[in-house]
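Next comes upload-v1.tsv, with TSV, C-alpha atoms.
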```
chain	number	residue	atom	x	y	z
Z	1	MET	CA	-15.94	9.37	2.30
Z	2	GLN	CA	-12.71	10.78	3.67
Z	3	LYS	CA	-9.57	10.39	1.58
Z	4	HIS	CA	-6.05	10.90	2.87
Z	5	ASN	CA	-2.66	11.23	1.24
Z	6	ILE	CA	0.04	8.91	2.53
Z	7	LEU	CA	2.70	11.39	1.37
Z	8	SER	CA	1.18	14.38	3.20
Z	9	ASP	CA	0.76	15.62	6.76
Z	10	LEU	CA	4.05	14.23	7.97
Z	11	PRO	CA	4.65	14.66	11.70
Z	12	ASP	CA	6.88	17.56	12.71
Z	13	ASP	CA	8.62	15.56	15.41
Z	14	LEU	CA	10.73	12.82	13.87
Z	15	SER	CA	13.08	12.42	16.81
Z	16	GLN	CA	11.53	8.95	17.03
Z	17	GLU	CA	10.30	6.79	14.20
Z	18	VAL	CA	6.53	7.36	13.86
Z	19	PHE	CA	3.96	4.58	13.50
Z	20	GLU	CA	0.45	5.62	12.47
Z	21	PRO	CA	-2.39	3.10	12.12
Z	22	ILE	CA	-4.53	3.56	9.01
Z	23	VAL	CA	-6.79	0.51	9.39
Z	24	LYS	CA	-6.88	-1.77	12.42
Z	25	THR	CA	-9.02	-4.85	12.92
Z	26	ASP	CA	-8.60	-8.12	14.76
Z	27	THR	CA	-6.87	-9.64	11.73
Z	28	VAL	CA	-5.09	-6.82	9.92
Z	29	LEU	CA	-3.17	-3.66	10.67
Z	30	ILE	CA	-2.40	-1.24	7.87
Z	31	GLU	CA	0.00	1.42	9.05
Z	32	ARG	CA	2.16	4.27	7.84
Z	33	ILE	CA	5.67	4.44	9.23
Z	34	ILE	CA	7.88	7.50	8.87
Z	35	SER	CA	11.62	7.11	9.34
Z	36	LYS	CA	14.44	9.57	8.91
Z	37	ALA	CA	17.84	8.07	9.58
Z	38	HIS	CA	16.24	5.68	12.05
Z	39	VAL	CA	17.51	2.11	12.23
Z	40	THR	CA	16.77	-0.85	14.43
Z	41	PRO	CA	19.50	-0.94	17.09
Z	42	LYS	CA	22.33	-3.26	16.05
Z	43	GLY	CA	21.79	-6.77	17.27
Z	44	GLN	CA	18.03	-6.26	17.70
Z	45	TRP	CA	15.60	-8.06	15.40
Z	46	TYR	CA	11.90	-7.85	14.69
Z	47	ASP	CA	10.63	-11.38	15.30
Z	48	GLN	CA	6.91	-11.21	14.68
Z	49	ALA	CA	4.34	-13.97	15.10
Z	50	HIS	CA	2.46	-12.60	12.05
Z	51	SER	CA	3.45	-11.84	8.47
Z	52	GLU	CA	4.14	-8.32	7.24
Z	53	TRP	CA	3.99	-6.94	3.72
Z	54	VAL	CA	5.86	-3.68	3.44
Z	55	MET	CA	6.38	-1.10	0.70
Z	56	VAL	CA	8.46	2.06	0.58
Z	57	MET	CA	6.37	4.97	-0.73
Z	58	GLN	CA	9.09	7.63	-0.58
Z	59	GLY	CA	12.74	7.70	0.43
Z	60	ALA	CA	14.97	4.67	0.74
Z	61	ALA	CA	15.75	2.00	3.29
Z	62	THR	CA	17.72	-1.17	3.74
Z	63	LEU	CA	16.27	-4.21	5.45
Z	64	GLU	CA	18.64	-6.78	6.90
Z	65	PHE	CA	17.74	-10.39	7.56
Z	66	VAL	CA	19.25	-12.62	10.19
Z	67	ASP	CA	21.10	-14.64	7.55
Z	68	GLY	CA	22.94	-11.48	6.56
Z	69	GLU	CA	20.99	-10.70	3.40
Z	70	GLN	CA	20.36	-7.03	2.81
Z	71	VAL	CA	17.54	-5.69	0.65
Z	72	GLU	CA	17.42	-2.03	-0.36
Z	73	LEU	CA	13.96	-0.62	-1.00
Z	74	THR	CA	13.12	2.59	-2.83
Z	75	ALA	CA	9.78	4.09	-3.87
Z	76	GLY	CA	7.36	1.45	-5.09
Z	77	GLU	CA	9.44	-1.49	-3.94
Z	78	HIS	CA	7.78	-4.01	-1.66
Z	79	ILE	CA	8.63	-7.23	0.08
Z	80	ASN	CA	6.72	-9.84	2.02
Z	81	ILE	CA	8.21	-10.87	5.36
Z	82	GLY	CA	6.90	-14.15	6.70
Z	83	ALA	CA	6.07	-14.74	10.34
Z	84	ASN	CA	9.14	-15.19	12.50
Z	85	VAL	CA	11.51	-14.12	9.75
Z	86	LYS	CA	13.90	-12.07	11.83
Z	87	HIS	CA	14.69	-8.72	10.28
Z	88	ARG	CA	15.82	-5.24	11.16
Z	89	VAL	CA	15.96	-1.85	9.50
Z	90	ALA	CA	19.66	-1.44	8.78
Z	91	TRP	CA	19.45	1.98	7.15
Z	92	THR	CA	17.03	4.73	6.21
Z	93	SER	CA	17.77	7.90	4.29
Z	94	GLU	CA	19.13	10.85	6.24
Z	95	GLU	CA	18.13	13.21	3.41
Z	96	VAL	CA	14.38	12.70	3.12
Z	97	GLU	CA	11.65	11.13	5.16
Z	98	THR	CA	11.19	7.48	4.29
Z	99	ILE	CA	7.48	6.70	4.20
Z	100	TRP	CA	6.54	3.04	4.53
Z	101	LEU	CA	3.25	1.32	4.07
Z	102	ALA	CA	3.05	-1.84	6.18
Z	103	VAL	CA	0.28	-4.42	6.19
Z	104	HIS	CA	0.48	-6.77	9.16
Z	105	TYR	CA	-1.70	-9.81	8.62
T	1	MET	CA	13.97	-12.34	-0.04
T	2	GLN	CA	12.39	-11.25	-3.30
T	3	LYS	CA	11.43	-7.62	-3.70
T	4	HIS	CA	9.13	-6.29	-6.40
T	5	ASN	CA	8.25	-2.83	-7.66
T	6	ILE	CA	4.57	-2.01	-7.80
T	7	LEU	CA	5.26	0.58	-10.52
T	8	SER	CA	7.17	-1.85	-12.78
T	9	ASP	CA	6.42	-4.81	-15.01
T	10	LEU	CA	3.07	-3.56	-16.14
T	11	PRO	CA	1.14	-5.98	-18.34
T	12	ASP	CA	1.27	-5.32	-22.08
T	13	ASP	CA	-2.37	-6.18	-22.58
T	14	LEU	CA	-4.58	-3.60	-20.93
T	15	SER	CA	-7.64	-4.26	-23.05
T	16	GLN	CA	-9.17	-5.40	-19.76
T	17	GLU	CA	-8.46	-4.06	-16.29
T	18	VAL	CA	-5.80	-6.27	-14.70
T	19	PHE	CA	-6.00	-7.65	-11.14
T	20	GLU	CA	-2.83	-9.19	-9.73
T	21	PRO	CA	-2.69	-10.75	-6.26
T	22	ILE	CA	0.37	-9.82	-4.21
T	23	VAL	CA	-0.54	-11.54	-0.94
T	24	LYS	CA	-3.53	-13.84	-0.47
T	25	THR	CA	-4.59	-15.59	2.72
T	26	ASP	CA	-7.92	-16.66	4.20
T	27	THR	CA	-8.36	-13.23	5.77
T	28	VAL	CA	-6.60	-10.73	3.51
T	29	LEU	CA	-5.98	-10.07	-0.16
T	30	ILE	CA	-3.41	-7.48	-1.18
T	31	GLU	CA	-3.61	-6.83	-4.89
T	32	ARG	CA	-2.35	-4.55	-7.62
T	33	ILE	CA	-4.91	-3.29	-10.08
T	34	ILE	CA	-3.96	-1.62	-13.36
T	35	SER	CA	-6.57	0.49	-15.14
T	36	LYS	CA	-6.32	2.61	-18.24
T	37	ALA	CA	-9.55	4.38	-19.10
T	38	HIS	CA	-11.47	1.49	-17.54
T	39	VAL	CA	-14.61	2.23	-15.58
T	40	THR	CA	-17.25	0.15	-13.88
T	41	PRO	CA	-20.16	-0.06	-16.33
T	42	LYS	CA	-22.76	2.60	-15.58
T	43	GLY	CA	-25.40	1.37	-13.15
T	44	GLN	CA	-23.15	-1.41	-11.84
T	45	TRP	CA	-21.82	-1.26	-8.29
T	46	TYR	CA	-19.25	-3.16	-6.29
T	47	ASP	CA	-21.15	-4.40	-3.24
T	48	GLN	CA	-18.64	-6.38	-1.22
T	49	ALA	CA	-19.20	-8.34	1.97
T	50	HIS	CA	-15.72	-7.29	3.17
T	51	SER	CA	-13.97	-3.95	3.61
T	52	GLU	CA	-11.43	-2.62	1.15
T	53	TRP	CA	-8.68	-0.08	1.65
T	54	VAL	CA	-7.44	1.31	-1.62
T	55	MET	CA	-4.66	3.69	-2.66
T	56	VAL	CA	-3.70	5.09	-6.04
T	57	MET	CA	0.04	4.67	-6.63
T	58	GLN	CA	0.20	6.30	-10.06
T	59	GLY	CA	-2.32	7.92	-12.39
T	60	ALA	CA	-5.72	9.21	-11.34
T	61	ALA	CA	-9.19	7.83	-10.81
T	62	THR	CA	-12.63	8.84	-9.60
T	63	LEU	CA	-14.65	6.63	-7.31
T	64	GLU	CA	-18.41	7.13	-7.17
T	65	PHE	CA	-20.60	6.09	-4.28
T	66	VAL	CA	-24.23	5.13	-4.47
T	67	ASP	CA	-25.29	8.36	-2.75
T	68	GLY	CA	-23.75	10.29	-5.65
T	69	GLU	CA	-20.55	11.37	-3.89
T	70	GLN	CA	-17.48	11.33	-6.12
T	71	VAL	CA	-13.93	11.10	-4.79
T	72	GLU	CA	-10.95	11.72	-7.06
T	73	LEU	CA	-7.76	9.92	-6.11
T	74	THR	CA	-4.26	10.71	-7.33
T	75	ALA	CA	-0.87	9.28	-6.36
T	76	GLY	CA	-0.63	8.65	-2.65
T	77	GLU	CA	-4.32	9.19	-1.95
T	78	HIS	CA	-6.18	6.43	-0.17
T	79	ILE	CA	-9.65	5.72	1.10
T	80	ASN	CA	-11.27	3.04	3.20
T	81	ILE	CA	-14.45	1.51	1.80
T	82	GLY	CA	-16.55	-0.33	4.37
T	83	ALA	CA	-18.29	-3.61	3.68
T	84	ASN	CA	-21.40	-3.22	1.56
T	85	VAL	CA	-20.65	0.40	0.73
T	86	LYS	CA	-21.70	0.37	-2.90
T	87	HIS	CA	-19.16	2.02	-5.16
T	88	ARG	CA	-17.96	2.07	-8.73
T	89	VAL	CA	-14.98	3.33	-10.64
T	90	ALA	CA	-16.42	6.30	-12.51
T	91	TRP	CA	-13.24	7.36	-14.31
T	92	THR	CA	-9.59	6.43	-14.73
T	93	SER	CA	-6.96	8.32	-16.69
T	94	GLU	CA	-6.78	7.69	-20.42
T	95	GLU	CA	-3.24	9.13	-20.51
T	96	VAL	CA	-1.33	6.88	-18.13
T	97	GLU	CA	-1.85	3.58	-16.42
T	98	THR	CA	-3.54	4.02	-13.07
T	99	ILE	CA	-1.92	1.65	-10.58
T	100	TRP	CA	-3.97	0.84	-7.50
T	101	LEU	CA	-3.01	-0.95	-4.34
T	102	ALA	CA	-6.03	-2.63	-2.75
T	103	VAL	CA	-6.17	-4.41	0.58
T	104	HIS	CA	-9.31	-6.50	0.99
T	105	TYR	CA	-9.83	-7.47	4.61
```

Can the structure in the file be given as structure tokens, please?
Amino acid sequence: MQKHNILSDLPDDLSQEVFEPIVKTDTVLIERIISKAHVTPKGQWYDQAHSEWVMVMQGAATLEFVDGEQVELTAGEHINIGANVKHRVAWTSEEVETIWLAVHY
Amino acid sequence: MQKHNILSDLPDDLSQEVFEPIVKTDTVLIERIISKAHVTPKGQWYDQAHSEWVMVMQGAATLEFVDGEQVELTAGEHINIGANVKHRVAWTSEEVETIWLAVHY
């Protein structure tokens, strides 16, 4: 049985946000996302047909919702985003890599 | 949007291992598990019809598989357990609460 550490083996190239699948089936995608100062371009929204549960493992980020609400997440903090709840990443730390765990379901 | 911290609000009563659903649908269960010195009784095995991806968020634990392999997990370490892969929790820390994130899918 192969174990992995979600906090280790970060990609060298973070010029783009990095999305890495951990588990992928027809019904669920568990992925690691690594951000460093990346944000969703202003005016763009994720508008997903499925729900997404997301947790910050390291670093810090701010999610913004289309109604203007902002939610800051730091290590251990998680939030459930329902299908078609429009959201964007408004901020991620410039200092450290922000490591997310996302479960799309 | 309500955020929560997986490392906070631990239950006072840990006389039994605690299982707390975070997200539950027909196809996926995301849950927090809190162990403190709990183990699966010797000779008993989890034998699940579904797959389970599990990560230790805090603390330390040892998983044992029916072929005798043991895998120790500490914070950030995760492993994917296929359906019907018999396993048990052989050890969890007596010193601190071990907080698991499990995704059953």

12 Å contacts from chain T to chain Z using only C-alpha atoms, as a PDB file with C-alpha atoms, keeping the file's coordinate frame:
```pdb
ATOM      1  CA  MET T   1      13.970 -12.340  -0.040  1.00  0.00           C
ATOM      2  CA  GLN T   2      12.390 -11.250  -3.300  1.00  0.00           C
ATOM      3  CA  LYS T   3      11.430  -7.620  -3.700  1.00  0.00           C
ATOM      4  CA  HIS T   4       9.130  -6.290  -6.400  1.00  0.00           C
ATOM      5  CA  ASN T   5       8.250  -2.830  -7.660  1.00  0.00           C
ATOM      6  CA  ILE T   6       4.570  -2.010  -7.800  1.00  0.00           C
ATOM      7  CA  LEU T   7       5.260   0.580 -10.520  1.00  0.00           C
ATOM      8  CA  SER T   8       7.170  -1.850 -12.780  1.00  0.00           C
ATOM      9  CA  ASP T   9       6.420  -4.810 -15.010  1.00  0.00           C
ATOM     10  CA  ILE T  22       0.370  -9.820  -4.210  1.00  0.00           C
ATOM     11  CA  VAL T  23      -0.540 -11.540  -0.940  1.00  0.00           C
ATOM     12  CA  LYS T  24      -3.530 -13.840  -0.470  1.00  0.00           C
ATOM     13  CA  THR T  25      -4.590 -15.590   2.720  1.00  0.00           C
ATOM     14  CA  ASP T  26      -7.920 -16.660   4.200  1.00  0.00           C
ATOM     15  CA  THR T  27      -8.360 -13.230   5.770  1.00  0.00           C
ATOM     16  CA  VAL T  28      -6.600 -10.730   3.510  1.00  0.00           C
ATOM     17  CA  LEU T  29      -5.980 -10.070  -0.160  1.00  0.00           C
ATOM     18  CA  ILE T  30      -3.410  -7.480  -1.180  1.00  0.00           C
ATOM     19  CA  GLU T  31      -3.610  -6.830  -4.890  1.00  0.00           C
ATOM     20  CA  ARG T  32      -2.350  -4.550  -7.620  1.00  0.00           C
ATOM     21  CA  SER T  51     -13.970  -3.950   3.610  1.00  0.00           C
ATOM     22  CA  GLU T  52     -11.430  -2.620   1.150  1.00  0.00           C
ATOM     23  CA  TRP T  53      -8.680  -0.080   1.650  1.00  0.00           C
ATOM     24  CA  VAL T  54      -7.440   1.310  -1.620  1.00  0.00           C
ATOM     25  CA  MET T  55      -4.660   3.690  -2.660  1.00  0.00           C
ATOM     26  CA  VAL T  56      -3.700   5.090  -6.040  1.00  0.00           C
ATOM     27  CA  MET T  57       0.040   4.670  -6.630  1.00  0.00           C
ATOM     28  CA  GLN T  58       0.200   6.300 -10.060  1.00  0.00           C
ATOM     29  CA  THR T  62     -12.630   8.840  -9.600  1.00  0.00           C
ATOM     30  CA  LEU T  63     -14.650   6.630  -7.310  1.00  0.00           C
ATOM     31  CA  GLU T  64     -18.410   7.130  -7.170  1.00  0.00           C
ATOM     32  CA  PHE T  65     -20.600   6.090  -4.280  1.00  0.00           C
ATOM     33  CA  VAL T  66     -24.230   5.130  -4.470  1.00  0.00           C
ATOM     34  CA  ASP T  67     -25.290   8.360  -2.750  1.00  0.00           C
ATOM     35  CA  GLY T  68     -23.750  10.290  -5.650  1.00  0.00           C
ATOM     36  CA  GLU T  69     -20.550  11.370  -3.890  1.00  0.00           C
ATOM     37  CA  GLN T  70     -17.480  11.330  -6.120  1.00  0.00           C
ATOM     38  CA  VAL T  71     -13.930  11.100  -4.790  1.00  0.00           C
ATOM     39  CA  GLU T  72     -10.950  11.720  -7.060  1.00  0.00           C
ATOM     40  CA  LEU T  73      -7.760   9.920  -6.110  1.00  0.00           C
ATOM     41  CA  THR T  74      -4.260  10.710  -7.330  1.00  0.00           C
ATOM     42  CA  ALA T  75      -0.870   9.280  -6.360  1.00  0.00           C
ATOM     43  CA  GLY T  76      -0.630   8.650  -2.650  1.00  0.00           C
ATOM     44  CA  GLU T  77      -4.320   9.190  -1.950  1.00  0.00           C
ATOM     45  CA  HIS T  78      -6.180   6.430  -0.170  1.00  0.00           C
ATOM     46  CA  ILE T  79      -9.650   5.720   1.100  1.00  0.00           C
ATOM     47  CA  ASN T  80     -11.270   3.040   3.200  1.00  0.00           C
ATOM     48  CA  ILE T  81     -14.450   1.510   1.800  1.00  0.00           C
ATOM     49  CA  GLY T  82     -16.550  -0.330   4.370  1.00  0.00           C
ATOM     50  CA  VAL T  85     -20.650   0.400   0.730  1.00  0.00           C
ATOM     51  CA  LYS T  86     -21.700   0.370  -2.900  1.00  0.00           C
ATOM     52  CA  HIS T  87     -19.160   2.020  -5.160  1.00  0.00           C
ATOM     53  CA  ILE T  99      -1.920   1.650 -10.580  1.00  0.00           C
ATOM     54  CA  TRP T 100      -3.970   0.840  -7.500  1.00  0.00           C
ATOM     55  CA  LEU T 101      -3.010  -0.950  -4.340  1.00  0.00           C
ATOM     56  CA  ALA T 102      -6.030  -2.630  -2.750  1.00  0.00           C
ATOM     57  CA  VAL T 103      -6.170  -4.410   0.580  1.00  0.00           C
ATOM     58  CA  HIS T 104      -9.310  -6.500   0.990  1.00  0.00           C
ATOM     59  CA  TYR T 105      -9.830  -7.470   4.610  1.00  0.00           C
TER      60      TYR T 105
END
```

Same-sequence superposition of chain Z onto chain T, all C-alpha, as a CSV table (one decimal) with C-alpha atoms, keeping the file's coordinate frame:
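Now in superposed06.csv:
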```csv
chain,number,residue,atom,x,y,z
Z,1,MET,CA,14.0,-12.3,0.0
Z,2,GLN,CA,12.4,-11.3,-3.3
Z,3,LYS,CA,11.4,-7.6,-3.7
Z,4,HIS,CA,9.1,-6.3,-6.4
Z,5,ASN,CA,8.2,-2.8,-7.7
Z,6,ILE,CA,4.6,-2.0,-7.8
Z,7,LEU,CA,5.3,0.6,-10.5
Z,8,SER,CA,7.2,-1.8,-12.8
Z,9,ASP,CA,6.4,-4.8,-15.0
Z,10,LEU,CA,3.1,-3.6,-16.1
Z,11,PRO,CA,1.1,-6.0,-18.3
Z,12,ASP,CA,1.3,-5.3,-22.1
Z,13,ASP,CA,-2.4,-6.2,-22.6
Z,14,LEU,CA,-4.6,-3.6,-20.9
Z,15,SER,CA,-7.6,-4.3,-23.0
Z,16,GLN,CA,-9.2,-5.4,-19.7
Z,17,GLU,CA,-8.5,-4.0,-16.3
Z,18,VAL,CA,-5.8,-6.3,-14.7
Z,19,PHE,CA,-6.0,-7.6,-11.2
Z,20,GLU,CA,-2.8,-9.2,-9.7
Z,21,PRO,CA,-2.7,-10.8,-6.3
Z,22,ILE,CA,0.4,-9.8,-4.2
Z,23,VAL,CA,-0.6,-11.5,-0.9
Z,24,LYS,CA,-3.5,-13.9,-0.5
Z,25,THR,CA,-4.6,-15.6,2.7
Z,26,ASP,CA,-7.9,-16.7,4.2
Z,27,THR,CA,-8.4,-13.2,5.8
Z,28,VAL,CA,-6.6,-10.7,3.5
Z,29,LEU,CA,-6.0,-10.1,-0.2
Z,30,ILE,CA,-3.4,-7.5,-1.2
Z,31,GLU,CA,-3.6,-6.8,-4.9
Z,32,ARG,CA,-2.4,-4.6,-7.6
Z,33,ILE,CA,-4.9,-3.3,-10.1
Z,34,ILE,CA,-4.0,-1.6,-13.4
Z,35,SER,CA,-6.6,0.5,-15.1
Z,36,LYS,CA,-6.3,2.6,-18.2
Z,37,ALA,CA,-9.5,4.4,-19.1
Z,38,HIS,CA,-11.5,1.5,-17.5
Z,39,VAL,CA,-14.6,2.2,-15.6
Z,40,THR,CA,-17.2,0.1,-13.9
Z,41,PRO,CA,-20.2,-0.1,-16.3
Z,42,LYS,CA,-22.8,2.6,-15.6
Z,43,GLY,CA,-25.4,1.4,-13.2
Z,44,GLN,CA,-23.1,-1.4,-11.8
Z,45,TRP,CA,-21.8,-1.3,-8.3
Z,46,TYR,CA,-19.2,-3.2,-6.3
Z,47,ASP,CA,-21.1,-4.4,-3.2
Z,48,GLN,CA,-18.6,-6.4,-1.2
Z,49,ALA,CA,-19.2,-8.3,2.0
Z,50,HIS,CA,-15.7,-7.3,3.2
Z,51,SER,CA,-14.0,-4.0,3.6
Z,52,GLU,CA,-11.4,-2.6,1.1
Z,53,TRP,CA,-8.7,-0.1,1.7
Z,54,VAL,CA,-7.4,1.3,-1.6
Z,55,MET,CA,-4.7,3.7,-2.7
Z,56,VAL,CA,-3.7,5.1,-6.0
Z,57,MET,CA,0.0,4.7,-6.6
Z,58,GLN,CA,0.2,6.3,-10.1
Z,59,GLY,CA,-2.3,7.9,-12.4
Z,60,ALA,CA,-5.7,9.2,-11.4
Z,61,ALA,CA,-9.2,7.8,-10.8
Z,62,THR,CA,-12.6,8.8,-9.6
Z,63,LEU,CA,-14.7,6.6,-7.3
Z,64,GLU,CA,-18.4,7.1,-7.2
Z,65,PHE,CA,-20.6,6.1,-4.3
Z,66,VAL,CA,-24.2,5.1,-4.5
Z,67,ASP,CA,-25.3,8.4,-2.8
Z,68,GLY,CA,-23.7,10.3,-5.6
Z,69,GLU,CA,-20.5,11.4,-3.9
Z,70,GLN,CA,-17.5,11.3,-6.1
Z,71,VAL,CA,-13.9,11.1,-4.8
Z,72,GLU,CA,-11.0,11.7,-7.1
Z,73,LEU,CA,-7.8,9.9,-6.1
Z,74,THR,CA,-4.3,10.7,-7.3
Z,75,ALA,CA,-0.9,9.3,-6.4
Z,76,GLY,CA,-0.6,8.7,-2.6
Z,77,GLU,CA,-4.3,9.2,-1.9
Z,78,HIS,CA,-6.2,6.4,-0.2
Z,79,ILE,CA,-9.6,5.7,1.1
Z,80,ASN,CA,-11.3,3.0,3.2
Z,81,ILE,CA,-14.5,1.5,1.8
Z,82,GLY,CA,-16.5,-0.3,4.4
Z,83,ALA,CA,-18.3,-3.6,3.7
Z,84,ASN,CA,-21.4,-3.2,1.6
Z,85,VAL,CA,-20.6,0.4,0.7
Z,86,LYS,CA,-21.7,0.4,-2.9
Z,87,HIS,CA,-19.2,2.0,-5.2
Z,88,ARG,CA,-17.9,2.0,-8.7
Z,89,VAL,CA,-15.0,3.3,-10.6
Z,90,ALA,CA,-16.4,6.3,-12.5
Z,91,TRP,CA,-13.2,7.3,-14.3
Z,92,THR,CA,-9.6,6.4,-14.7
Z,93,SER,CA,-7.0,8.3,-16.7
Z,94,GLU,CA,-6.8,7.7,-20.4
Z,95,GLU,CA,-3.2,9.1,-20.5
Z,96,VAL,CA,-1.3,6.9,-18.1
Z,97,GLU,CA,-1.8,3.6,-16.4
Z,98,THR,CA,-3.5,4.0,-13.1
Z,99,ILE,CA,-1.9,1.6,-10.6
Z,100,TRP,CA,-4.0,0.8,-7.5
Z,101,LEU,CA,-3.0,-1.0,-4.3
Z,102,ALA,CA,-6.0,-2.6,-2.8
Z,103,VAL,CA,-6.2,-4.4,0.6
Z,104,HIS,CA,-9.3,-6.5,1.0
Z,105,TYR,CA,-9.8,-7.5,4.6
```

Selected residue, from T:Ala83, T:Val89, T:Leu10, T:Glu94, that lies nearest to Asp47 (chain T) when counting only C-alpha atoms: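 Looking only at the distances to Asp47 (chain T), the closest residue turns out to be T:Ala83.
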
Using CA of Val96 (chain Z) and CA of Ser15 (chain Z) as the two end points, give the distance in Å to one decimal.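 Computing it gives 13.8 Å between the two atoms.
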
When you draw a straight line from CA of Trp91 (chain T) to CA of Ala60 (chain T), how long is it in Å?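 Those two atoms sit 8.3 Å apart.
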
Atom pair CA of Ala61 (chain Z) + CA of Glu95 (chain Z), distance 11.5 Å

Once 8 Å is added on each side, what are the centre and the three edge lengths, in Å to one decimal, of the axis-aligned box enclosing the listed atoms of region 52-69 of chain T? Present them as lines of an AutoDock Vina configuration file.
```
center_x = -12.5
center_y = 4.4
center_z = -5.4
size_x = 41.5
size_y = 30.0
size_z = 30.0
```

Your completed region 28-34 of chain T with all heavy atoms, as a PDB file, in the coordinates of the input:
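To be explicit, this is the file written out as rebuild.pdb:
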```pdb
ATOM      1  N   VAL T  28      -7.013 -11.967   4.171  1.00  0.00           N
ATOM      2  CA  VAL T  28      -6.600 -10.730   3.510  1.00  0.00           C
ATOM      3  C   VAL T  28      -6.173 -11.007   2.074  1.00  0.00           C
ATOM      4  O   VAL T  28      -5.620 -12.071   1.758  1.00  0.00           O
ATOM      5  CB  VAL T  28      -5.453 -10.042   4.311  1.00  0.00           C
ATOM      6  CG1 VAL T  28      -4.164 -10.804   4.212  1.00  0.00           C
ATOM      7  CG2 VAL T  28      -5.231  -8.606   3.851  1.00  0.00           C
ATOM      8  N   LEU T  29      -6.494 -10.052   1.209  1.00  0.00           N
ATOM      9  CA  LEU T  29      -5.980 -10.070  -0.160  1.00  0.00           C
ATOM     10  C   LEU T  29      -5.375  -8.708  -0.434  1.00  0.00           C
ATOM     11  O   LEU T  29      -6.062  -7.680  -0.337  1.00  0.00           O
ATOM     12  CB  LEU T  29      -7.109 -10.353  -1.163  1.00  0.00           C
ATOM     13  CG  LEU T  29      -6.765 -10.106  -2.643  1.00  0.00           C
ATOM     14  CD1 LEU T  29      -5.653 -11.050  -3.107  1.00  0.00           C
ATOM     15  CD2 LEU T  29      -7.998 -10.246  -3.530  1.00  0.00           C
ATOM     16  N   ILE T  30      -4.078  -8.701  -0.730  1.00  0.00           N
ATOM     17  CA  ILE T  30      -3.410  -7.480  -1.180  1.00  0.00           C
ATOM     18  C   ILE T  30      -3.226  -7.635  -2.683  1.00  0.00           C
ATOM     19  O   ILE T  30      -2.665  -8.636  -3.135  1.00  0.00           O
ATOM     20  CB  ILE T  30      -2.039  -7.300  -0.482  1.00  0.00           C
ATOM     21  CG1 ILE T  30      -2.194  -7.322   1.046  1.00  0.00           C
ATOM     22  CG2 ILE T  30      -1.367  -6.021  -0.945  1.00  0.00           C
ATOM     23  CD1 ILE T  30      -0.858  -7.268   1.801  1.00  0.00           C
ATOM     24  N   GLU T  31      -3.722  -6.682  -3.443  1.00  0.00           N
ATOM     25  CA  GLU T  31      -3.610  -6.830  -4.890  1.00  0.00           C
ATOM     26  C   GLU T  31      -3.245  -5.523  -5.560  1.00  0.00           C
ATOM     27  O   GLU T  31      -3.519  -4.441  -5.050  1.00  0.00           O
ATOM     28  CB  GLU T  31      -4.885  -7.407  -5.507  1.00  0.00           C
ATOM     29  CG  GLU T  31      -6.079  -6.504  -5.435  1.00  0.00           C
ATOM     30  CD  GLU T  31      -7.339  -7.081  -6.095  1.00  0.00           C
ATOM     31  OE1 GLU T  31      -7.278  -8.154  -6.727  1.00  0.00           O
ATOM     32  OE2 GLU T  31      -8.394  -6.439  -5.976  1.00  0.00           O
ATOM     33  N   ARG T  32      -2.598  -5.680  -6.737  1.00  0.00           N
ATOM     34  CA  ARG T  32      -2.350  -4.550  -7.620  1.00  0.00           C
ATOM     35  C   ARG T  32      -3.403  -4.572  -8.706  1.00  0.00           C
ATOM     36  O   ARG T  32      -3.698  -5.630  -9.258  1.00  0.00           O
ATOM     37  CB  ARG T  32      -0.955  -4.663  -8.231  1.00  0.00           C
ATOM     38  CG  ARG T  32      -0.665  -3.541  -9.213  1.00  0.00           C
ATOM     39  CD  ARG T  32       0.784  -3.508  -9.633  1.00  0.00           C
ATOM     40  NE  ARG T  32       1.109  -4.472 -10.676  1.00  0.00           N
ATOM     41  CZ  ARG T  32       2.183  -4.397 -11.457  1.00  0.00           C
ATOM     42  NH1 ARG T  32       3.061  -3.416 -11.276  1.00  0.00           N
ATOM     43  NH2 ARG T  32       2.418  -5.315 -12.375  1.00  0.00           N
ATOM     44  N   ILE T  33      -3.944  -3.411  -8.995  1.00  0.00           N
ATOM     45  CA  ILE T  33      -4.910  -3.290 -10.080  1.00  0.00           C
ATOM     46  C   ILE T  33      -4.362  -2.249 -11.053  1.00  0.00           C
ATOM     47  O   ILE T  33      -3.867  -1.198 -10.632  1.00  0.00           O
ATOM     48  CB  ILE T  33      -6.297  -2.838  -9.556  1.00  0.00           C
ATOM     49  CG1 ILE T  33      -6.782  -3.788  -8.445  1.00  0.00           C
ATOM     50  CG2 ILE T  33      -7.313  -2.763 -10.696  1.00  0.00           C
ATOM     51  CD1 ILE T  33      -7.983  -3.260  -7.654  1.00  0.00           C
ATOM     52  N   ILE T  34      -4.410  -2.578 -12.339  1.00  0.00           N
ATOM     53  CA  ILE T  34      -3.960  -1.620 -13.360  1.00  0.00           C
ATOM     54  C   ILE T  34      -5.145  -1.300 -14.262  1.00  0.00           C
ATOM     55  O   ILE T  34      -5.754  -2.195 -14.861  1.00  0.00           O
ATOM     56  CB  ILE T  34      -2.780  -2.161 -14.179  1.00  0.00           C
ATOM     57  CG1 ILE T  34      -1.627  -2.524 -13.252  1.00  0.00           C
ATOM     58  CG2 ILE T  34      -2.316  -1.121 -15.196  1.00  0.00           C
ATOM     59  CD1 ILE T  34      -1.286  -3.971 -13.235  1.00  0.00           C
TER      60      ILE T  34
END
```
